[in-house]
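Asks: The structure's right below; bear with me while I get my questions together.
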Amino acid sequence: MSNWKYIPYSSYKCKGVNGGFFDNRPIFSHCLPINIIIGARDLGKTFSMKKFCLKKFISKGEQFVWLRDNDEARKKLAMDNGSRFFSDVPEMKLFGYKEGSIQSEVIKCNGSKCGYLMPSSTFQNYKGSSFQEIRTIVYDEFIRELNRNRNSSSAWEIVNAFFTVSRHKNADNIRIILLANALDLGDNFLNFIGVEIKDFGFYINREKGIVLQYCDNSANFNKKMSESVIGKLISGTNFEDNLLYSKFKNDTDLFFDKLPQKSRLVMVLCGNLTNVRIYTDGSLYYATNDSNPDAYKNKRFVTHVGDACLNMPVLPLWHKNLIRDLLKNNRFRFANKFFQKFLIEI
C-alpha cells in the first residue's frame, strides 16, 4: 500500500457524537480534494453530504453535481420533481431553505438552479457541457450492491465522469465525494486507486489528494439496527456483518503474499483496465499483477472479443472452462480481492 498512510480512528469513542450518525467534519479536516466514505447503511453519509451541498449553495451560491451509476438510478431519484431526493431535507433545519425540486437533470433550491443530477455511465453525453460553476461532486453508492452487476470499466466511468465535470479545476475549487456501503473489497475503483482497507479509520494518499474513511458504528447505532425487524431477521446469518456492522466479506485463506518457488506462468489475461498473470506450482493456480505488460507476448489473451487483435487473441473457450473448474474446485489463490473478482466475472 505504497503512498497510503493508515490512521486508526473511531468516530464514537466519545458518547453522543452526532447522535451516533456520520459526521463529515473529521474527514474534511484533512483538507484533501477527494473524499471517500465507506460505512453501514443508514449511517447518515448521504444525509450529511446532501446537507453540506445545500448549505453551501444557500450561503455561498456554490453549485454541485450529484452522481448515480446509471440513468435508471438517476430517473428514480428525479421522479415526482425530486421528492425522494428532498424528502429528508426538512430534518436538516437549514437556515434559508424553502423548497427544492428536480426538473429533468437540473436540481433546484428555492426556485434557483443549485446543481445537476447525472449518471456516470453516460458521461460521454456531457462532454460538451460547461460546469464552471460546480464546486462539489458527490457520487452516491459508487460501489454497487452485491446483487447488481458492475461492468469491468466502472473505474473508467467514474474517472471520466469526474473529468467531464472538473477538468479545468484544481484542488482549491473542487471537492469530490464518493459514498458507499461496505460491500466489496474487490471493487474496481478501490483497486484503481491502490488502497487496501484492513480496519476502521482513515487511509490517506496526499500525493493523489485522497482521503478514505472506513467508518465504524456507534454502540447505539448497532443496538438500534440489531433490534429492527430486518436486523432480527439476518441475525446470525452471513448478511449480518456486512449489512449491520459495515464489514467486508473476507476469505483470507484464498489469498497469498508471495508466489511459491518454481511457479510457472500459464497465461496473462488482459482486461479493460487490468492485466492479470496466472501461475501454477502444479497443484494450485495463482492470480497476480502483470508487472511488465511488454513481456510474454505469446501468452497474452484479451477477455473481450472486441479487444482482440492479431497478436492478442480472445481467451479460448477451453481456457475459460479451465478457469471456471479451478474456481469451482477452490484451486485458485489471489494476490488481492480484485483479481478474484476479475476471474469470476470472466
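Every chain in the C-alpha cells has a letter given in the order shown (A, B, ...), and although residue numbers restart at 1 in each chain, ligands are simply numbered from 1 in the order shown.
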Just the residues within 7 Å of Asn275 of chain A, please, counting only C-alpha atoms, with nothing from its chain fewer than 4 positions along; format it as a short mmCIF file (atom, residue, chain, number, x, y, z; two decimals) with C-alpha atoms, in the first residue's frame.

Replies:
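Everything below was put into selection_28.cif:
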data_model
loop_
_atom_site.label_atom_id
_atom_site.label_comp_id
_atom_site.auth_asym_id
_atom_site.auth_seq_id
_atom_site.Cartn_x
_atom_site.Cartn_y
_atom_site.Cartn_z
CA VAL A 268 -1.77 -13.43 -18.99
CA LEU A 269 -5.34 -12.11 -19.11
CA CYS A 270 -5.69 -8.58 -20.46
CA GLY A 271 -8.83 -6.74 -19.39
CA ASN A 289 -0.35 -8.48 -11.08
CA ASP A 290 1.18 -8.17 -14.56
#

Asks: A:Cys309, A:Leu343, A:Lys262, A:Tyr9: which is nearest Lys328 of chain A, counting only C-alpha atoms?

Replies: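 The answer is A:Leu343, which sits nearest to Lys328 of chain A.
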
Asks: Return the single residue from A:Trp156, A:Ser29, A:Asn110, A:Ala161 that is closest to Arg68 of chain A, with distances computed using only C-alpha atoms.

Replies: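 The shortest atom-to-atom distance to Arg68 of chain A comes from A:Ala161.
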
Asks: Using only C-alpha atoms, which of the listed residues (A:Phe131, A:Tyr97, A:Phe162, A:Phe192) sits closest to Ile58 of chain A?

Replies: A:Tyr97
